[in-house]
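Following: one structure in structure tokens, then a few remarks.
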Amino acid sequence: MNSSEFRQKLNNIRPSYLSERKQLLEIISNKGSSKSEFAQFGPFYQSYMYAFSLGFRLGERIPLSGKTENFFAIGLWQPKSMVDFIFMLLFSNVKELIEWNEMEELDEDQIDQKIKFFLKALEEYANAGLIYLQDKYDSERYEFQDPFAFVNIITDLKNSNSL
């Protein structure tokens, strides 16, 4: 398998999130023309990418347990540069993932297994970030009224964490 075929397989995956996080995603995501009293991202998947960044920064992976919902394929997410950054972080830091020089030697089943590891790591980092955001929202809801809420959260996390 060459790298573009592998990338296409990655682009087709549909990450999941816990259904219990849907309300938080609705609050921090702009689902269309609705306005909110809180700072918002665009679509759900952009909030999910932010949650992934928080979970990765925290160095926490929390497995999904419970009812889940799926996004559409990751290859449709925007901005592409952020998707590429997430891919790079995962491939650079998750030991179960592929070494690029071994990719041509893997069979289809081995490739599918690597993609499952990739998806699991993505979902677990994002889940940790969503839990962090939920806790923050539940305890400091007023902070989400600041237009720079998400910048402040990641800055505070960076300053309080020596990762």
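Quick note on naming: the chains in the structure tokens go A, B, ... in the order shown, residues restart at 1 in each chain, and ligands are numbered from 1 in order of appearance.
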Excluding region 10-25 of chain A and its own-chain neighbours fewer than 6 positions away, which residues fall within 7 Å of it when counting only C-alpha atoms? Please give them as a PyMOL selection string. chain A and resi 44+47+64+66-75+115+119+123+127+134
From the DSSP assignment of the backbone, select every residue of chain A that is helix (DSSP H, G or I), and format the answer as a PyMOL selection string. chain A and resi 3-11+19-28+44-58+74-76+80-93+100-105+108-139+141-145+149-160
Can you pull out every residue within 12 Å of Lys136 (chain A), counting only C-alpha atoms, but drop anything in the same chain fewer than 2 positions away, and send it as number ranges by chain? A: 24, 129-134, 138-144, 149-150, 152-154, 156-157
Of the listed residues A:Met1, A:Met82, A:Met49, A:Leu76, that which approaches Asp107 (chain A) most closely, counting only C-alpha atoms: A:Met1
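In terms of minimum interatomic distance to Arg7 (chain A), A:Val83 ranks closest within A:Ser29, A:Val83, A:Glu60, A:Asp146, counting only C-alpha atoms.
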Would you please work out which residue, of A:Ser65, A:Gln78, A:Asn159, A:Gln113, is nearest to Gln46 (chain A) when using only C-alpha atoms?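 Among the listed residues, the smallest separation from Gln46 (chain A) belongs to A:Gln78.
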All strand (DSSP E or B) residues (DSSP, backbone) inside region 1-91 of chain A, as a PyMOL selection string: chain A and resi 16-18+29+41+68-70
Would you mind reading off the distance between CA of Leu122 (chain A) and CA of Glu104 (chain A), one decimal, in Å? 23.5 Å
